[in-house]
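Novice: Contents of input-v3.txt (compact mmCIF, C-alpha atoms) are below:
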# COMPACT_ATOMS: atom_id res chain seq x y z
CA MET D 1127 -0.57 38.81 1.75
CA THR D 1128 2.11 36.93 3.66
CA GLN D 1129 1.39 35.24 6.98
CA ILE D 1130 3.71 33.06 9.05
CA PHE D 1131 2.68 30.65 11.80
CA GLY D 1132 4.67 28.37 14.10
CA GLU D 1133 8.36 27.65 13.71
CA PHE D 1134 9.19 28.71 10.19
CA ARG D 1135 12.76 29.39 8.94
CA GLU D 1136 13.08 31.74 5.98
CA ASN D 1137 15.96 31.55 3.49
CA LEU D 1138 17.22 28.07 4.16
CA PRO D 1139 20.93 27.89 3.33
CA THR D 1140 21.71 25.85 0.22
CA GLU D 1141 25.39 25.23 0.89
CA GLN D 1142 24.54 21.98 2.65
CA GLU D 1143 22.65 19.01 1.22
CA PHE D 1144 19.28 19.64 -0.35
CA LEU D 1145 16.87 18.01 -2.75
CA ILE D 1146 13.92 19.58 -4.58
CA LEU D 1147 11.10 17.75 -6.37
CA GLY D 1148 8.31 19.35 -8.40
CA PHE D 1149 4.94 18.03 -9.49
CA SER D 1150 3.11 19.97 -12.16
CA PRO D 1151 -0.64 19.48 -12.55
CA THR D 1152 -0.52 20.10 -16.31
CA SER D 1153 0.33 16.57 -17.54
CA VAL D 1154 -1.73 14.33 -15.24
CA PRO D 1155 -4.01 15.85 -12.56
CA LEU D 1156 -2.34 15.72 -9.14
CA LYS D 1157 -5.19 13.77 -7.58
CA LEU D 1158 -4.77 11.00 -10.16
CA ARG D 1159 -1.23 10.22 -9.10
CA TRP D 1160 -1.65 9.25 -5.49
CA ARG D 1161 1.02 6.55 -5.72
CA ASN D 1162 3.62 9.25 -6.51
CA ASN D 1163 3.41 10.30 -2.85
CA GLY D 1164 4.64 6.95 -1.56
CA LEU D 1165 7.24 6.57 -4.32
CA SER D 1166 8.66 10.04 -3.59
CA ALA D 1167 8.61 9.50 0.19
CA ASP D 1168 10.43 6.16 -0.19
CA PHE D 1169 12.98 7.83 -2.46
CA VAL D 1170 13.82 10.82 -0.23
CA ALA D 1171 14.02 8.62 2.88
CA ASP D 1172 16.34 6.19 1.12
CA TYR D 1173 18.36 9.04 -0.41
CA LEU D 1174 19.06 10.49 3.04
CA THR D 1175 20.61 7.25 4.33
CA THR D 1176 23.71 8.07 2.23
CA PHE D 1177 24.53 10.76 4.76
CA PHE D 1178 24.10 8.44 7.75
CA PRO D 1179 26.17 5.39 6.91
CA VAL D 1180 25.98 2.30 9.06
CA SER D 1181 29.21 1.58 10.88
CA GLU D 1182 30.03 -1.95 11.98
CA ASP D 1183 32.02 -0.55 14.92
CA GLU D 1184 28.97 1.28 16.24
CA PRO D 1185 26.04 -1.14 16.43
CA ASN D 1186 23.48 1.55 17.19
CA THR D 1187 24.08 3.31 13.82
CA LYS D 1188 22.00 0.68 12.02
CA GLU D 1189 19.09 1.16 14.40
CA LYS D 1190 19.41 4.95 14.20
CA GLN D 1191 19.46 4.87 10.40
CA ALA D 1192 16.30 2.75 10.29
CA GLU D 1193 14.60 5.07 12.76
CA PHE D 1194 15.21 8.33 10.91
CA LYS D 1195 14.54 6.69 7.56
CA GLY D 1196 11.14 5.66 8.92
CA ALA D 1197 10.47 9.14 10.33
CA VAL D 1198 11.42 10.95 7.11
CA ASN D 1199 9.39 8.49 5.03
CA TYR D 1200 6.27 8.96 7.18
CA ILE D 1201 6.52 12.76 7.29
CA ALA D 1202 7.35 13.17 3.57
CA ASN D 1203 4.41 10.94 2.64
CA GLU D 1204 1.99 12.87 4.88
CA LEU D 1205 3.18 16.24 3.54
CA LEU D 1206 2.73 15.10 -0.05
CA GLU D 1207 -0.66 13.52 0.65
CA ASN D 1208 -1.85 16.79 2.24
CA ALA D 1209 -0.46 18.84 -0.64
CA VAL D 1210 -2.34 16.70 -3.17
CA LYS D 1211 -5.56 16.69 -1.11
CA PHE D 1212 -5.65 20.44 -0.52
CA SER D 1213 -4.23 21.81 -3.78
CA ASP D 1214 -6.66 24.17 -5.47
CA GLU D 1215 -7.69 22.26 -8.59
CA THR D 1216 -8.80 25.41 -10.37
CA THR D 1217 -5.19 26.63 -10.62
CA GLN D 1218 -2.20 25.18 -12.45
CA TYR D 1219 0.06 25.83 -9.45
CA PRO D 1220 2.60 23.01 -8.98
CA ILE D 1221 3.50 21.18 -5.77
CA LYS D 1222 7.09 21.73 -4.69
CA PHE D 1223 8.73 19.41 -2.20
CA GLY D 1224 12.12 20.05 -0.65
CA LEU D 1225 14.42 18.39 1.81
CA HIS D 1226 17.36 20.11 3.52
CA LEU D 1227 19.97 18.64 5.79
CA PHE D 1228 21.97 20.66 8.32
CA LYS D 1229 24.78 19.21 10.34
CA ASP D 1230 26.22 21.25 13.19
CA THR D 1231 26.13 20.14 16.82
CA ARG D 1232 23.05 18.09 15.95
CA VAL D 1233 21.57 17.01 12.66
CA THR D 1234 18.39 18.68 11.48
CA VAL D 1235 16.31 17.51 8.56
CA VAL D 1236 13.93 20.13 7.18
CA LEU D 1237 11.08 18.95 4.96
CA ILE D 1238 9.05 21.55 3.09
CA VAL D 1239 6.12 21.37 0.76
CA THR D 1240 4.41 24.21 -1.11
CA ASN D 1241 0.98 23.91 -2.69
CA SER D 1242 -1.94 26.11 -3.64
CA ILE D 1243 -4.95 26.11 -1.33
CA SER D 1244 -8.55 27.05 -2.02
CA ALA D 1245 -10.25 29.85 -0.09
CA GLU D 1246 -12.64 27.25 1.30
CA SER D 1247 -9.86 25.08 2.79
CA LEU D 1248 -7.83 28.05 3.99
CA ASN D 1249 -9.87 28.99 7.07
CA LYS D 1250 -10.28 25.39 8.19
CA PHE D 1251 -6.55 24.80 7.82
CA GLN D 1252 -5.64 27.93 9.75
CA SER D 1253 -7.85 26.92 12.67
CA LEU D 1254 -6.15 23.48 12.78
CA ILE D 1255 -2.82 25.34 12.79
CA GLN D 1256 -3.96 27.41 15.80
CA GLU D 1257 -4.86 24.20 17.64
CA LEU D 1258 -1.49 22.68 16.78
CA ILE D 1259 0.36 25.74 18.06
CA ASN D 1260 -1.65 26.39 21.20
CA GLU D 1261 -2.73 23.01 22.50
CA ASP D 1262 -1.07 20.08 24.18
CA PRO D 1263 -0.31 17.60 21.35
CA ALA D 1264 -1.26 14.55 23.42
CA GLU D 1265 -4.71 15.96 24.24
CA LEU D 1266 -5.25 17.20 20.70
CA TYR D 1267 -4.32 13.78 19.30
CA ILE D 1268 -6.81 11.85 21.44
CA ARG D 1269 -9.53 14.47 20.95
CA GLN D 1270 -9.12 14.32 17.17
CA LEU D 1271 -9.33 10.50 17.14
CA GLU D 1272 -12.46 10.47 19.30
CA LYS D 1273 -14.00 13.17 17.08
CA ASN D 1274 -13.15 11.26 13.88
CA ALA D 1275 -14.62 8.05 15.33
CA CYS D 1276 -18.04 9.74 15.56
CA ASN D 1277 -17.95 11.14 12.06
CA ASP D 1278 -18.08 8.99 8.94
CA ASN D 1279 -18.54 11.79 6.44
CA TYR D 1280 -15.07 13.13 5.94
CA ASN D 1281 -12.07 12.29 3.86
CA SER D 1282 -9.36 13.98 5.83
CA SER D 1283 -8.55 12.79 9.32
CA GLY D 1284 -6.50 15.89 10.26
CA LEU D 1285 -4.11 13.48 11.93
CA GLY D 1286 -1.01 13.79 9.75
CA LEU D 1287 0.34 17.01 11.25
CA ILE D 1288 -0.69 16.01 14.78
CA THR D 1289 1.21 12.70 14.54
CA MET D 1290 4.31 14.53 13.24
CA LYS D 1291 4.29 16.72 16.34
CA HIS D 1292 3.16 14.12 18.88
CA ASP D 1293 4.84 10.91 17.70
CA TYR D 1294 7.93 12.32 15.94
CA LEU D 1295 8.47 15.46 18.10
CA ALA D 1296 8.81 17.57 14.96
CA LYS D 1297 8.65 21.39 14.88
CA LEU D 1298 6.02 22.71 12.50
CA GLY D 1299 5.70 26.04 10.69
CA TRP D 1300 3.65 27.54 7.85
CA LYS D 1301 3.83 30.43 5.43
CA PHE D 1302 0.81 31.62 3.45
CA GLU D 1303 1.41 33.87 0.44
CA THR D 1304 -0.73 35.33 -2.29
CA VAL D 1305 1.14 34.24 -5.40
CA GLN D 1306 -1.32 35.54 -8.00
CA THR D 1307 -4.17 38.05 -8.11
CA GLU D 1308 -7.19 38.00 -10.43
CA PRO D 1309 -7.96 35.27 -9.93
CA GLN D 1310 -6.35 35.05 -6.53
CA VAL D 1311 -4.11 32.07 -5.82
CA VAL D 1312 -2.85 31.48 -2.28
CA ALA D 1313 0.07 29.11 -1.69
CA VAL D 1314 0.96 27.55 1.63
CA THR D 1315 4.41 26.26 2.54
CA THR D 1316 4.48 23.74 5.37
CA MET D 1317 7.83 23.27 7.08
CA VAL D 1318 8.69 20.33 9.32
CA GLN D 1319 11.96 20.30 11.28
CA LEU D 1320 13.18 17.05 12.67
CA THR D 1321 16.22 16.90 14.90
CA LEU D 1322 17.97 13.56 14.80
CA MET W 244 -19.43 -16.02 8.38
CA GLU W 245 -16.99 -16.24 5.47
CA ILE W 246 -14.62 -13.28 5.45
CA GLN W 247 -12.82 -12.40 2.23
CA ASP W 248 -9.13 -11.47 2.38
CA ILE W 249 -8.06 -8.20 0.78
CA GLN W 250 -5.12 -7.92 -1.56
CA GLY W 251 -3.85 -4.59 -2.89
CA GLU W 252 -0.85 -3.62 -4.98
CA THR W 253 1.38 -3.10 -1.94
CA TYR W 254 -0.52 -4.74 0.93
CA LYS W 255 -2.50 -7.73 2.08
CA VAL W 256 -5.07 -8.07 4.87
CA THR W 257 -5.98 -11.64 5.77
CA CYS W 258 -8.32 -13.04 8.35
CA GLU W 259 -8.21 -16.18 10.47
CA ALA W 260 -11.87 -16.30 11.48
CA ALA W 261 -11.47 -19.18 13.96
CA THR W 262 -9.02 -17.27 16.17
CA GLY W 263 -10.30 -13.76 15.41
CA THR W 264 -6.90 -12.77 14.02
CA VAL W 265 -6.45 -10.16 11.30
CA ASN W 266 -2.99 -10.08 9.66
CA PHE W 267 -1.78 -6.88 8.01
CA GLN W 268 1.19 -7.00 5.63
CA GLY W 269 3.05 -4.55 3.40
CA TRP W 270 2.64 -0.81 2.83
CA LEU W 271 -0.76 0.81 3.45
CA ARG W 272 -0.99 4.30 1.98
CA LEU W 273 -4.58 4.46 0.80
CA GLU W 274 -6.26 7.75 -0.04
CA GLY W 275 -8.46 8.88 2.82
CA MET W 276 -11.09 6.96 4.75
CA ALA W 277 -13.12 6.07 1.63
CA GLU W 278 -10.36 3.79 0.33
CA TYR W 279 -10.00 2.15 3.75
CA GLU W 280 -13.68 1.15 3.67
CA PRO W 281 -13.09 -2.50 2.51
CA ILE W 282 -10.68 -3.03 5.43
CA VAL W 283 -13.14 -1.40 7.84
CA ASP W 284 -15.82 -3.82 6.56
CA LEU W 285 -13.52 -6.79 7.12
CA LEU W 286 -12.80 -5.64 10.69
CA ASN W 287 -16.53 -5.13 11.36
CA LYS W 288 -17.25 -8.68 10.17
CA VAL W 289 -14.64 -10.04 12.57
CA THR W 290 -16.30 -8.10 15.41
CA ALA W 291 -19.73 -9.40 14.36
CA ASN W 292 -18.48 -12.99 14.64
CA ALA W 293 -18.73 -12.55 18.42
CA THR W 294 -15.29 -13.94 19.18
CA PRO W 295 -14.25 -13.05 22.73
CA LYS W 296 -10.80 -11.99 21.53
CA ILE W 297 -9.59 -10.15 18.43
CA THR W 298 -5.92 -9.95 17.49
CA LEU W 299 -4.59 -7.37 15.06
CA ASN W 300 -1.29 -8.74 13.85
CA LEU W 301 0.72 -5.79 12.48
CA LYS W 302 4.16 -7.40 12.71
CA GLU W 303 4.60 -7.30 8.93
CA LEU W 304 2.94 -3.95 8.30
CA GLN W 305 5.91 -1.85 7.18
CA PHE W 306 4.07 1.42 6.63
CA LEU W 307 0.76 2.97 7.60
CA ASN W 308 -0.27 6.52 6.71
CA SER W 309 -2.28 8.76 9.02
CA SER W 310 -5.60 7.76 7.40
CA GLY W 311 -4.69 4.17 8.26
CA ILE W 312 -3.85 5.16 11.84
CA ASN W 313 -7.25 6.83 11.94
CA MET W 314 -8.92 3.62 10.70
CA LEU W 315 -7.22 1.50 13.40
CA SER W 316 -8.07 4.06 16.10
CA LYS W 317 -11.71 4.11 15.04
CA PHE W 318 -11.81 0.32 15.25
CA VAL W 319 -10.26 0.37 18.73
CA ILE W 320 -12.89 2.90 19.88
CA ASP W 321 -15.69 0.71 18.42
CA VAL W 322 -14.38 -2.37 20.25
CA ARG W 323 -13.98 -0.35 23.47
CA LYS W 324 -17.63 0.69 23.27
CA LYS W 325 -18.80 -2.92 22.98
CA LYS W 326 -17.06 -3.80 26.29
CA THR W 327 -17.23 -7.55 25.52
CA ILE W 328 -14.16 -8.13 23.37
CA GLN W 329 -10.55 -8.42 24.41
CA LEU W 330 -8.30 -6.69 21.89
CA VAL W 331 -4.68 -7.66 21.29
CA VAL W 332 -2.37 -5.68 18.98
CA LYS W 333 0.86 -7.36 17.94
CA GLY W 334 3.62 -5.10 16.64
CA SER W 335 7.27 -5.23 15.73
CA ASP W 336 9.81 -3.04 17.48
CA THR W 337 12.00 -3.07 14.38
CA ILE W 338 9.39 -1.18 12.33
CA PRO W 339 9.84 2.51 13.23
CA TRP W 340 6.22 3.78 12.84
CA GLN W 341 4.99 1.08 15.19
CA SER W 342 7.26 2.00 18.09
CA ARG W 343 6.27 5.65 17.54
CA SER W 344 2.51 5.38 17.11
CA LEU W 345 1.03 2.10 18.38
CA LYS W 346 1.13 3.11 22.04
CA ASN W 347 -1.53 5.71 21.26
CA LEU W 348 -4.06 2.91 20.70
CA GLN W 349 -3.60 1.92 24.31
CA ARG W 350 -4.44 5.46 25.39
CA LEU W 351 -7.76 5.08 23.58
CA MET W 352 -8.44 1.74 25.25
CA PRO W 353 -6.38 1.06 28.38
CA ASP W 354 -7.45 -2.63 28.43
CA LEU W 355 -5.90 -3.18 25.01
CA LYS W 356 -2.99 -5.61 25.12
CA LEU W 357 -0.03 -4.32 23.12
CA GLU W 358 2.65 -6.91 22.41
CA PHE W 359 5.93 -6.03 20.72
CA GLU W 360 8.24 -8.68 19.32
Represent the structure contained in this file as structure tokens.

Specialist:
Amino acid sequence: MTQIFGEFRENLPTEQEFLILGFSPTSVPLKLRWRNNGLSADFVADYLTTFFPVSEDEPNTKEKQAEFKGAVNYIANELLENAVKFSDETTQYPIKFGLHLFKDTRVTVVLIVTNSISAESLNKFQSLIQELINEDPAELYIRQLEKNACNDNYNSSGLGLITMKHDYLAKLGWKFETVQTEPQVVAVTTMVQLTL
Amino acid sequence: MEIQDIQGETYKVTCEAATGTVNFQGWLRLEGMAEYEPIVDLLNKVTANATPKITLNLKELQFLNSSGINMLSKFVIDVRKKKTIQLVVKGSDTIPWQSRSLKNLQRLMPDLKLEFE
């Protein structure tokens, strides 16, 4: 099975800058290393600043650098948090995180994360994806917050992807693939494209 | 009512009960709503103190994940429902997430006063 939703680019070129990180669940369970998410997000956001140096002749470069560093840090952290939360604990499938940078007329940063997902989470996730694709992000955002405010019994706010689209104007896409049969393992790749 | 400050590895939440001010500092990336519970309790105690005005001072909060945004939004909705408290949110326009996301709180509660410095 392969299913694609939203704005998903296949075969990202590797002749420009890229960075790949992997987290295997075999040494320490993924859910026990929550702080890795923040550490990794800080690292990739800081790493990217190399390609956007601050120029003293152009005062707005400092502000711009801080702004995209903040955006990449927030999005990378949310993607990793989601990957850890929704990984299927019954498999040994690792989390893969990647960052690609394209410079042509404008600069695009592509952040991708791949993780396994349980059959139980799959349907719920795909209906959130349909809402993200089909609905006005501003309405969806407020509706989700009002809904969460009435419900204390949950551990996932569903807000991460909505904020990426609404607050950071990012393009979102997903690919679901069966990566193993018997027992079946489904992996989802979430792709976030941010134009700077 | 005595309200205990909260200190984590990367963040601090302190309360000035007399003025109804809650100061947030550092990086808040807690795991889901369950881990935000102590901060929610602190905010609820401030509300219970019946101060006419509550100020959330976020000027030194460098990072907040979406679960944290959810926690703040839930608090704003709770205060809105009470209809008796004036809510002020102080932010910094040099911290990127704040200029992106704080305005959404005002959409939840149009009377909320949002001050950027």

Novice: When distances are computed from all atoms listed in the file, which of W:Ser342, W:Asn266, W:Gln247, W:Thr253 shows the smallest separation from Arg1161 of chain D?

Specialist: W:Thr253

Novice: Let me have the centre and edge lengths in Å, one decimal, of the box along x, y and z around every listed atom of segment 310-319 of chain W with 8 Å of margin on each side, as AutoDock Vina command-line options.

Specialist:
--center_x -7.8 --center_y 4.0 --center_z 13.1 --size_x 24.0 --size_y 23.4 --size_z 27.3

Novice: Could you please select, counting all atoms listed in the file, the residues of chain D within 8 Å of chain W and state them as a PDB file with C-alpha atoms, in the frame of the given file?

Specialist:
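Saved file part.pdb follows:
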ATOM      1  CA  TRP D1160      -1.650   9.250  -5.490  1.00  0.00           C
ATOM      2  CA  GLY D1164       4.640   6.950  -1.560  1.00  0.00           C
ATOM      3  CA  ALA D1192      16.300   2.750  10.290  1.00  0.00           C
ATOM      4  CA  GLU D1193      14.600   5.070  12.760  1.00  0.00           C
ATOM      5  CA  GLY D1196      11.140   5.660   8.920  1.00  0.00           C
ATOM      6  CA  ALA D1197      10.470   9.140  10.330  1.00  0.00           C
ATOM      7  CA  TYR D1200       6.270   8.960   7.180  1.00  0.00           C
ATOM      8  CA  ASN D1203       4.410  10.940   2.640  1.00  0.00           C
ATOM      9  CA  GLU D1204       1.990  12.870   4.880  1.00  0.00           C
ATOM     10  CA  ILE D1268      -6.810  11.850  21.440  1.00  0.00           C
ATOM     11  CA  LEU D1271      -9.330  10.500  17.140  1.00  0.00           C
ATOM     12  CA  GLU D1272     -12.460  10.470  19.300  1.00  0.00           C
ATOM     13  CA  ASN D1274     -13.150  11.260  13.880  1.00  0.00           C
ATOM     14  CA  ALA D1275     -14.620   8.050  15.330  1.00  0.00           C
ATOM     15  CA  TYR D1280     -15.070  13.130   5.940  1.00  0.00           C
ATOM     16  CA  ASN D1281     -12.070  12.290   3.860  1.00  0.00           C
ATOM     17  CA  SER D1282      -9.360  13.980   5.830  1.00  0.00           C
ATOM     18  CA  SER D1283      -8.550  12.790   9.320  1.00  0.00           C
ATOM     19  CA  LEU D1285      -4.110  13.480  11.930  1.00  0.00           C
ATOM     20  CA  GLY D1286      -1.010  13.790   9.750  1.00  0.00           C
ATOM     21  CA  THR D1289       1.210  12.700  14.540  1.00  0.00           C
ATOM     22  CA  ASP D1293       4.840  10.910  17.700  1.00  0.00           C
ATOM     23  CA  TYR D1294       7.930  12.320  15.940  1.00  0.00           C
TER      24      TYR D1294
END

Novice: Please measure the separation of atom CA of Val1312 of chain D and atom CA of Asp1168 of chain D, giving the value in Å to one decimal.

Specialist: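 Here the two named atoms are 28.7 Å from each other.
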
Novice: Report, in Å to a single decimal, how far apart atom CA of Gly334 of chain W and atom CA of Phe1178 of chain D are.

Specialist: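 A separation of 26.1 Å between them.
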
Novice: With all atoms listed in the file as the counted atoms, please give the residues lying no more than 9 Å from segment 1134-1145 of chain D, apart from itself and same-chain residues fewer than 4 positions off, as an MDAnalysis selection string.

Specialist: chainID D and resid 1130 1170 1223:1229 1297:1301 1316:1319

Novice: Between atom CA of Ser1181 of chain D and atom CA of Glu360 of chain W, what is the distance, to one decimal in Å?

Specialist: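 Those two atoms sit 24.8 Å apart.
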
Novice: Here's a test: counting all atoms listed in the file, identify every protein, DNA and RNA residue with an atom at most 12 Å from (-6.7, -7.2, 23.3) in the file's coordinate frame, and state them as a count of residues only.

Specialist: 29

Novice: I need every residue sitting at most 12 Å from the point (15.8, 9.3, -1.7) (coordinates as in the file, only C-alpha atoms considered), written as a PyMOL selection string.

Specialist: chain D and resi 1144-1147+1164-1177+1195+1198-1199+1202+1224-1225

Novice: Store the residues picked out above in a file with C-alpha atoms, as a short mmCIF file (atom, residue, chain, number, x, y, z; two decimals), in the frame of the given file.

Specialist:
data_model
loop_
_atom_site.label_atom_id
_atom_site.label_comp_id
_atom_site.auth_asym_id
_atom_site.auth_seq_id
_atom_site.Cartn_x
_atom_site.Cartn_y
_atom_site.Cartn_z
CA PHE D 1144 19.28 19.64 -0.35
CA LEU D 1145 16.87 18.01 -2.75
CA ILE D 1146 13.92 19.58 -4.58
CA LEU D 1147 11.10 17.75 -6.37
CA GLY D 1164 4.64 6.95 -1.56
CA LEU D 1165 7.24 6.57 -4.32
CA SER D 1166 8.66 10.04 -3.59
CA ALA D 1167 8.61 9.50 0.19
CA ASP D 1168 10.43 6.16 -0.19
CA PHE D 1169 12.98 7.83 -2.46
CA VAL D 1170 13.82 10.82 -0.23
CA ALA D 1171 14.02 8.62 2.88
CA ASP D 1172 16.34 6.19 1.12
CA TYR D 1173 18.36 9.04 -0.41
CA LEU D 1174 19.06 10.49 3.04
CA THR D 1175 20.61 7.25 4.33
CA THR D 1176 23.71 8.07 2.23
CA PHE D 1177 24.53 10.76 4.76
CA LYS D 1195 14.54 6.69 7.56
CA VAL D 1198 11.42 10.95 7.11
CA ASN D 1199 9.39 8.49 5.03
CA ALA D 1202 7.35 13.17 3.57
CA GLY D 1224 12.12 20.05 -0.65
CA LEU D 1225 14.42 18.39 1.81
#

Novice: Measuring between only C-alpha atoms, which one of D:Val1305, D:Leu1258, D:Leu1156, D:Leu1322 shows the shortest distance to Phe1212 of chain D?

Specialist: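 Ranking D:Val1305, D:Leu1258, D:Leu1156, D:Leu1322 by distance to Phe1212 of chain D, first place goes to D:Leu1156.
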
Novice: Name the closest residue to Phe267 of chain W among the candidates W:Glu252, W:Leu285, W:Glu303, W:Ala291; distances are taken between atoms, counting only C-alpha atoms.

Specialist: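 Of all the options, W:Glu303 lies closest to Phe267 of chain W.
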
Novice: Using only C-alpha atoms, can you tell me which of D:Gln1252, D:Lys1291, D:Thr1234, D:Pro1309 comes closest to Ala1264 of chain D?

Specialist: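 Nearest candidate to Ala1264 of chain D out of D:Gln1252, D:Lys1291, D:Thr1234, D:Pro1309: D:Lys1291.
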
Novice: Report as a list of chain:residue names all protein, DNA and RNA residues lying within 9 Å of Asp248 of chain W, evaluated on only C-alpha atoms, omitting residues in the same chain fewer than 3 positions from it.

Specialist: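 Here the qualifying residues turn out to be W:Lys255, W:Val256, W:Thr257, W:Cys258, W:Leu285.
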
Novice: When you count only C-alpha atoms, which of these residues is closest to His1292 of chain D: D:Ile1259, D:Ile1243, D:Leu1206, D:Ala1313?

Specialist: D:Ile1259

Novice: Render segment 1213-1232 of chain D from the structure in the preceding block as a file of C-alpha atoms, as a short mmCIF file (atom, residue, chain, number, x, y, z; two decimals), in the first residue's frame.

Specialist:
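Result file is part-v2.cif:
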data_model
loop_
_atom_site.label_atom_id
_atom_site.label_comp_id
_atom_site.auth_asym_id
_atom_site.auth_seq_id
_atom_site.Cartn_x
_atom_site.Cartn_y
_atom_site.Cartn_z
CA SER D 1213 5.42 5.40 16.57
CA ASP D 1214 4.12 1.86 16.83
CA GLU D 1215 5.87 0.52 19.92
CA THR D 1216 5.38 -3.08 18.87
CA THR D 1217 7.81 -2.65 15.96
CA GLN D 1218 11.53 -1.87 15.94
CA TYR D 1219 11.07 0.63 13.10
CA PRO D 1220 13.35 3.67 13.54
CA ILE D 1221 12.44 7.35 13.24
CA LYS D 1222 14.19 9.10 10.39
CA PHE D 1223 14.40 12.88 10.28
CA GLY D 1224 15.68 14.83 7.29
CA LEU D 1225 16.21 18.41 6.32
CA HIS D 1226 16.79 19.62 2.76
CA LEU D 1227 17.61 23.08 1.54
CA PHE D 1228 16.90 24.31 -1.99
CA LYS D 1229 18.02 27.66 -3.25
CA ASP D 1230 16.70 28.89 -6.59
CA THR D 1231 14.61 32.04 -6.99
CA ARG D 1232 13.49 31.55 -3.39
#
